[in-house]
$ cat upload_4.pdb   # PDB, C-alpha atoms and all ligand atoms
ATOM      1  CA  MET K   1      -7.922  -7.612   6.708  1.00  0.00           C
ATOM      2  CA  TRP K   2     -11.518  -8.135   7.654  1.00  0.00           C
ATOM      3  CA  GLY K   3     -13.246  -9.528  10.771  1.00  0.00           C
ATOM      4  CA  CYS K   4     -11.856 -13.070  10.462  1.00  0.00           C
ATOM      5  CA  GLY K   5      -8.321 -11.841   9.722  1.00  0.00           C
ATOM      6  CA  SER K   6      -8.404 -12.800   6.062  1.00  0.00           C
ATOM      7  CA  TYR K   7      -7.493 -10.378   3.298  1.00  0.00           C
ATOM      8  CA  LEU K   8     -10.152  -8.715   1.162  1.00  0.00           C
ATOM      9  CA  PHE K   9     -10.440  -9.176  -2.561  1.00  0.00           C
ATOM     10  CA  GLY K  10     -12.328  -7.107  -5.076  1.00  0.00           C
ATOM     11  CA  TRP K  11     -15.293  -8.867  -6.696  1.00  0.00           C
ATOM     12  CA  ASN K  12     -17.985  -7.913  -9.094  1.00  0.00           C
ATOM     13  CA  GLY K  13     -21.375  -9.377  -9.815  1.00  0.00           C
ATOM     14  CA  CYS K  14     -24.800  -8.695 -11.247  1.00  0.00           C
ATOM     15  CA  SER K  15     -27.920  -8.030  -9.204  1.00  0.00           C
ATOM     16  CA  HIS K  16     -31.293  -9.536 -10.153  1.00  0.00           C
ATOM     17  CA  THR K  17     -32.018  -6.351 -12.120  1.00  0.00           C
ATOM     18  CA  GLY K  18     -28.930  -6.985 -14.230  1.00  0.00           C
ATOM     19  CA  LYS K  19     -27.039  -4.034 -12.757  1.00  0.00           C
ATOM     20  CA  ARG K  20     -23.344  -4.664 -12.298  1.00  0.00           C
ATOM     21  CA  TYR K  21     -21.950  -3.924  -8.860  1.00  0.00           C
ATOM     22  CA  PHE K  22     -18.514  -4.027  -7.240  1.00  0.00           C
ATOM     23  CA  TYR K  23     -17.658  -5.049  -3.716  1.00  0.00           C
ATOM     24  CA  TYR K  24     -14.925  -6.451  -1.493  1.00  0.00           C
ATOM     25  CA  LYS K  25     -15.213  -9.810   0.146  1.00  0.00           C
ATOM     26  CA  CYS K  26     -12.828 -11.771   2.355  1.00  0.00           C
ATOM     27  CA  LYS K  27     -11.170 -14.844   0.892  1.00  0.00           C
ATOM     28  CA  LYS K  28     -12.582 -17.164   3.565  1.00  0.00           C
ATOM     29  CA  ALA K  29     -16.134 -16.001   2.901  1.00  0.00           C
ATOM     30  CA  CYS K  30     -15.900 -16.215  -0.851  1.00  0.00           C
ATOM     31  CA  CYS K  31     -13.625 -19.163  -1.609  1.00  0.00           C
ATOM     32  CA  ASP K  32     -13.417 -21.312   1.504  1.00  0.00           C
ATOM     33  CA  LYS K  33     -16.980 -20.598   2.799  1.00  0.00           C
ATOM     34  CA  THR K  34     -15.605 -20.682   6.342  1.00  0.00           C
ATOM     35  CA  CYS K  35     -16.497 -17.056   7.178  1.00  0.00           C
ATOM     36  CA  LYS K  36     -20.002 -15.595   7.491  1.00  0.00           C
ATOM     37  CA  THR K  37     -18.939 -11.990   6.810  1.00  0.00           C
ATOM     38  CA  SER K  38     -20.848 -10.429   3.961  1.00  0.00           C
ATOM     39  CA  GLY K  39     -19.164  -8.331   1.297  1.00  0.00           C
ATOM     40  CA  ILE K  40     -18.806  -4.583   1.550  1.00  0.00           C
ATOM     41  CA  GLU K  41     -19.641  -2.220  -1.280  1.00  0.00           C
ATOM     42  CA  LYS K  42     -16.585  -0.878  -3.100  1.00  0.00           C
ATOM     43  CA  GLY K  43     -17.477   2.809  -2.663  1.00  0.00           C
ATOM     44  CA  ILE K  44     -18.187   2.465   1.070  1.00  0.00           C
ATOM     45  CA  LEU K  45     -14.948   0.632   1.860  1.00  0.00           C
ATOM     46  CA  GLU K  46     -12.836   2.976  -0.248  1.00  0.00           C
ATOM     47  CA  GLY K  47     -14.445   5.956   1.507  1.00  0.00           C
ATOM     48  CA  ILE K  48     -13.462   4.491   4.899  1.00  0.00           C
ATOM     49  CA  VAL K  49      -9.893   3.838   3.694  1.00  0.00           C
ATOM     50  CA  LEU K  50      -9.568   7.388   2.344  1.00  0.00           C
ATOM     51  CA  ASP K  51     -10.851   8.791   5.673  1.00  0.00           C
ATOM     52  CA  CYS K  52      -8.200   6.747   7.517  1.00  0.00           C
ATOM     53  CA  ILE K  53      -5.457   7.987   5.185  1.00  0.00           C
ATOM     54  CA  HIS K  54      -6.681  11.576   5.604  1.00  0.00           C
ATOM     55  CA  ASP K  55      -6.632  11.223   9.406  1.00  0.00           C
ATOM     56  CA  PHE K  56      -3.168   9.699   9.261  1.00  0.00           C
ATOM     57  CA  LEU K  57      -1.797  12.474   7.032  1.00  0.00           C
ATOM     58  CA  SER K  58      -3.315  15.250   9.127  1.00  0.00           C
ATOM     59  CA  ASP K  59      -1.006  14.197  11.971  1.00  0.00           C
ATOM     60  CA  SER K  60       2.354  15.746  11.008  1.00  0.00           C
ATOM     61  CA  SER K  61       4.465  13.408  13.157  1.00  0.00           C
ATOM     62  CA  SER K  62       3.101  10.324  11.392  1.00  0.00           C
ATOM     63  CA  VAL K  63       3.783  11.990   8.023  1.00  0.00           C
ATOM     64  CA  GLU K  64       7.420  12.527   9.005  1.00  0.00           C
ATOM     65  CA  GLU K  65       7.669   8.958  10.223  1.00  0.00           C
ATOM     66  CA  ALA K  66       6.105   7.620   7.012  1.00  0.00           C
ATOM     67  CA  SER K  67       8.339   9.711   4.747  1.00  0.00           C
ATOM     68  CA  ALA K  68      11.443   8.604   6.662  1.00  0.00           C
ATOM     69  CA  LYS K  69      10.422   4.971   6.268  1.00  0.00           C
ATOM     70  CA  LEU K  70       9.675   5.447   2.566  1.00  0.00           C
ATOM     71  CA  TYR K  71      13.058   7.121   2.054  1.00  0.00           C
ATOM     72  CA  GLU K  72      14.826   4.236   3.827  1.00  0.00           C
ATOM     73  CA  GLU K  73      12.890   1.705   1.750  1.00  0.00           C
ATOM     74  CA  GLN K  74      13.714   3.534  -1.463  1.00  0.00           C
ATOM     75  CA  LYS K  75      17.440   3.673  -0.580  1.00  0.00           C
ATOM     76  CA  ARG K  76      17.387  -0.040   0.188  1.00  0.00           C
ATOM     77  CA  GLU K  77      15.646  -1.014  -3.054  1.00  0.00           C
ATOM     78  CA  SER K  78      17.088   1.433  -5.566  1.00  0.00           C
ATOM     79  CA  PRO K  79      20.283   0.214  -7.287  1.00  0.00           C
ATOM     80  CA  ILE K  80      20.885   3.763  -8.564  1.00  0.00           C
ATOM     81  CA  GLY K  81      20.864   5.124  -5.016  1.00  0.00           C
ATOM     82  CA  ARG K  82      23.261   2.397  -3.887  1.00  0.00           C
ATOM     83  CA  ALA K  83      25.670   2.913  -6.769  1.00  0.00           C
ATOM     84  CA  SER K  84      25.866   6.666  -6.419  1.00  0.00           C
ATOM     85  CA  ALA K  85      25.972   6.765  -2.623  1.00  0.00           C
ATOM     86  CA  PRO K  86      29.705   6.130  -1.983  1.00  0.00           C
ATOM     87  CA  ARG K  87      30.890   8.422  -4.811  1.00  0.00           C
ATOM     88  CA  GLY K  88      31.537  11.432  -2.589  1.00  0.00           C
ATOM     89  CA  ASN K  89      33.854   9.463  -0.277  1.00  0.00           C
ATOM     90  CA  ARG K  90      35.954   7.945  -3.033  1.00  0.00           C
ATOM     91  CA  PRO K  91      39.526   9.318  -3.200  1.00  0.00           C
ATOM     92  CA  ARG K  92      40.150  11.298  -6.372  1.00  0.00           C
ATOM     93  CA  ARG K  93      42.890   9.940  -8.576  1.00  0.00           C
ATOM     94  CA  GLY K  94      43.876   9.571 -12.213  1.00  0.00           C
ATOM     95  CA  TRP K  95      44.493  13.157 -13.307  1.00  0.00           C
ATOM     96  CA  PRO K  96      47.994  14.532 -12.672  1.00  0.00           C
ATOM     97  CA  THR K  97      47.859  17.982 -11.095  1.00  0.00           C
ATOM     98  CA  SER K  98      51.117  19.308 -12.599  1.00  0.00           C
TER      99      SER K  98
HETATM  100 ZN    ZN K 101     -13.896 -13.379   6.675  1.00  0.00          ZN
END
$ encode --input "upload_4.pdb" --output "structure tokens"
Amino acid sequence: MWGCGSYLFGWNGCSHTGKRYFYYKCKKACCDKTCKTSGIEKGILEGIVLDCIHDFLSDSSSVEEASAKLYEEQKRESPIGRASAPRGNRPRRGWPTS
């Protein structure tokens, strides 16, 4: 989200010299024209995002928290995980022992 609270979208355009450039712009600024925020260059924004991710990952407690959440999410979404989960608790039957 950007200053106005709208999500950013990737855009590309050509400068007056004909050079192609890439940037992010909020939906309200680009489509609705209700926001005065200018676009931000792709490389600059992605550098900021990478710095934030690096900061986040350098804190070990947030890494543990994130991996726990990811694991929970994966268990919730994966049908393979769901199907194989109760197998260990199932009573064994079928084969006669004598
Ligand atoms: Zn905006």
$ closest_atom_pairs --input "upload_4.pdb" --of "chain K" --to "ligand ZN 101 (chain K)" --cutoff "10 Å" --atoms "only C-alpha atoms and all ligand atoms" --output "Markdown table"
| residue | atom | partner | partner_atom | distance |
| --- | --- | --- | --- | --- |
| K:Met1 | CA | K:ZN101 | ZN | 8.3 |
| K:Trp2 | CA | K:ZN101 | ZN | 5.8 |
| K:Gly3 | CA | K:ZN101 | ZN | 5.7 |
| K:Cys4 | CA | K:ZN101 | ZN | 4.3 |
| K:Gly5 | CA | K:ZN101 | ZN | 6.5 |
| K:Ser6 | CA | K:ZN101 | ZN | 5.6 |
| K:Tyr7 | CA | K:ZN101 | ZN | 7.8 |
| K:Leu8 | CA | K:ZN101 | ZN | 8.1 |
| K:Lys25 | CA | K:ZN101 | ZN | 7.6 |
| K:Cys26 | CA | K:ZN101 | ZN | 4.7 |
| K:Lys27 | CA | K:ZN101 | ZN | 6.6 |
| K:Lys28 | CA | K:ZN101 | ZN | 5.1 |
| K:Ala29 | CA | K:ZN101 | ZN | 5.1 |
| K:Cys30 | CA | K:ZN101 | ZN | 8.3 |
| K:Asp32 | CA | K:ZN101 | ZN | 9.5 |
| K:Lys33 | CA | K:ZN101 | ZN | 8.8 |
| K:Thr34 | CA | K:ZN101 | ZN | 7.5 |
| K:Cys35 | CA | K:ZN101 | ZN | 4.5 |
| K:Lys36 | CA | K:ZN101 | ZN | 6.5 |
| K:Thr37 | CA | K:ZN101 | ZN | 5.2 |
| K:Ser38 | CA | K:ZN101 | ZN | 8.0 |
| K:Gly39 | CA | K:ZN101 | ZN | 9.1 |
$ atom_distance --input "upload_4.pdb" --atom1 "CA of Ser58 (chain K)" --atom2 "CA of Glu72 (chain K)"
21.9 Å
$ atom_distance --input "upload_4.pdb" --atom1 "CA of Gly43 (chain K)" --atom2 "CA of Phe9 (chain K)"
13.9 Å
$ atom_distance --input "upload_4.pdb" --atom1 "CA of Gly10 (chain K)" --atom2 "CA of Glu41 (chain K)"
9.6 Å
$ closest_residue --input "upload_4.pdb" --among "K:Ile53, K:Ser61, K:Ala68, K:Lys42" --to "Tyr23 (chain K)" --atoms "only C-alpha atoms"
K:Lys42
$ axis_aligned_box --input "upload_4.pdb" --around "region 54-71 of chain K" --padding-each-side "8 Å" --output "lines of an AutoDock Vina configuration file"
center_x = 3.2
center_y = 10.4
center_z = 7.6
size_x = 35.7
size_y = 26.8
size_z = 27.1
$ closest_residue --input "upload_4.pdb" --among "K:Asp59, K:Arg76, K:Tyr24, K:Glu46" --to "Asn12 (chain K)" --atoms "all atoms listed in the file"
K:Tyr24
$ build_atoms --input "upload_4.pdb" --residues "region 42-62 of chain K" --atoms "N, CA and C atoms" --output "PDB file, in the coordinates of the input"
ATOM      1  N   LYS K  42     -17.862  -1.485  -2.734  1.00  0.00           N
ATOM      2  CA  LYS K  42     -16.585  -0.878  -3.100  1.00  0.00           C
ATOM      3  C   LYS K  42     -16.482   0.590  -2.642  1.00  0.00           C
ATOM      4  N   GLY K  43     -17.506   1.374  -2.973  1.00  0.00           N
ATOM      5  CA  GLY K  43     -17.477   2.809  -2.663  1.00  0.00           C
ATOM      6  C   GLY K  43     -17.421   3.079  -1.165  1.00  0.00           C
ATOM      7  N   ILE K  44     -18.147   2.275  -0.383  1.00  0.00           N
ATOM      8  CA  ILE K  44     -18.187   2.465   1.070  1.00  0.00           C
ATOM      9  C   ILE K  44     -16.815   2.168   1.675  1.00  0.00           C
ATOM     10  N   LEU K  45     -16.244   1.017   1.304  1.00  0.00           N
ATOM     11  CA  LEU K  45     -14.948   0.632   1.860  1.00  0.00           C
ATOM     12  C   LEU K  45     -13.871   1.633   1.468  1.00  0.00           C
ATOM     13  N   GLU K  46     -13.872   2.046   0.206  1.00  0.00           N
ATOM     14  CA  GLU K  46     -12.836   2.976  -0.248  1.00  0.00           C
ATOM     15  C   GLU K  46     -12.981   4.335   0.429  1.00  0.00           C
ATOM     16  N   GLY K  47     -14.220   4.728   0.751  1.00  0.00           N
ATOM     17  CA  GLY K  47     -14.445   5.956   1.507  1.00  0.00           C
ATOM     18  C   GLY K  47     -13.837   5.866   2.900  1.00  0.00           C
ATOM     19  N   ILE K  48     -14.016   4.709   3.556  1.00  0.00           N
ATOM     20  CA  ILE K  48     -13.462   4.491   4.899  1.00  0.00           C
ATOM     21  C   ILE K  48     -11.937   4.543   4.844  1.00  0.00           C
ATOM     22  N   VAL K  49     -11.357   3.872   3.835  1.00  0.00           N
ATOM     23  CA  VAL K  49      -9.893   3.838   3.694  1.00  0.00           C
ATOM     24  C   VAL K  49      -9.354   5.251   3.477  1.00  0.00           C
ATOM     25  N   LEU K  50     -10.018   6.021   2.609  1.00  0.00           N
ATOM     26  CA  LEU K  50      -9.568   7.388   2.344  1.00  0.00           C
ATOM     27  C   LEU K  50      -9.651   8.253   3.601  1.00  0.00           C
ATOM     28  N   ASP K  51     -10.724   8.067   4.415  1.00  0.00           N
ATOM     29  CA  ASP K  51     -10.851   8.791   5.673  1.00  0.00           C
ATOM     30  C   ASP K  51      -9.683   8.470   6.599  1.00  0.00           C
ATOM     31  N   CYS K  52      -9.313   7.173   6.665  1.00  0.00           N
ATOM     32  CA  CYS K  52      -8.200   6.747   7.517  1.00  0.00           C
ATOM     33  C   CYS K  52      -6.892   7.387   7.051  1.00  0.00           C
ATOM     34  N   ILE K  53      -6.682   7.401   5.733  1.00  0.00           N
ATOM     35  CA  ILE K  53      -5.457   7.987   5.185  1.00  0.00           C
ATOM     36  C   ILE K  53      -5.428   9.492   5.485  1.00  0.00           C
ATOM     37  N   HIS K  54      -6.588  10.135   5.333  1.00  0.00           N
ATOM     38  CA  HIS K  54      -6.681  11.576   5.604  1.00  0.00           C
ATOM     39  C   HIS K  54      -6.351  11.868   7.062  1.00  0.00           C
ATOM     40  N   ASP K  55      -6.915  11.066   7.974  1.00  0.00           N
ATOM     41  CA  ASP K  55      -6.632  11.223   9.406  1.00  0.00           C
ATOM     42  C   ASP K  55      -5.141  11.041   9.682  1.00  0.00           C
ATOM     43  N   PHE K  56      -4.577  10.014   9.062  1.00  0.00           N
ATOM     44  CA  PHE K  56      -3.168   9.699   9.261  1.00  0.00           C
ATOM     45  C   PHE K  56      -2.293  10.865   8.802  1.00  0.00           C
ATOM     46  N   LEU K  57      -2.624  11.417   7.615  1.00  0.00           N
ATOM     47  CA  LEU K  57      -1.797  12.474   7.032  1.00  0.00           C
ATOM     48  C   LEU K  57      -1.999  13.826   7.714  1.00  0.00           C
ATOM     49  N   SER K  58      -3.103  13.980   8.445  1.00  0.00           N
ATOM     50  CA  SER K  58      -3.315  15.250   9.127  1.00  0.00           C
ATOM     51  C   SER K  58      -2.500  15.328  10.422  1.00  0.00           C
ATOM     52  N   ASP K  59      -1.904  14.223  10.817  1.00  0.00           N
ATOM     53  CA  ASP K  59      -1.006  14.197  11.971  1.00  0.00           C
ATOM     54  C   ASP K  59       0.426  14.324  11.441  1.00  0.00           C
ATOM     55  N   SER K  60       1.063  15.474  11.659  1.00  0.00           N
ATOM     56  CA  SER K  60       2.354  15.746  11.008  1.00  0.00           C
ATOM     57  C   SER K  60       3.456  14.784  11.462  1.00  0.00           C
ATOM     58  N   SER K  61       3.390  14.299  12.701  1.00  0.00           N
ATOM     59  CA  SER K  61       4.465  13.408  13.157  1.00  0.00           C
ATOM     60  C   SER K  61       4.412  12.069  12.424  1.00  0.00           C
ATOM     61  N   SER K  62       3.176  11.585  12.125  1.00  0.00           N
ATOM     62  CA  SER K  62       3.101  10.324  11.392  1.00  0.00           C
ATOM     63  C   SER K  62       3.513  10.507   9.936  1.00  0.00           C
TER      64      SER K  62
END
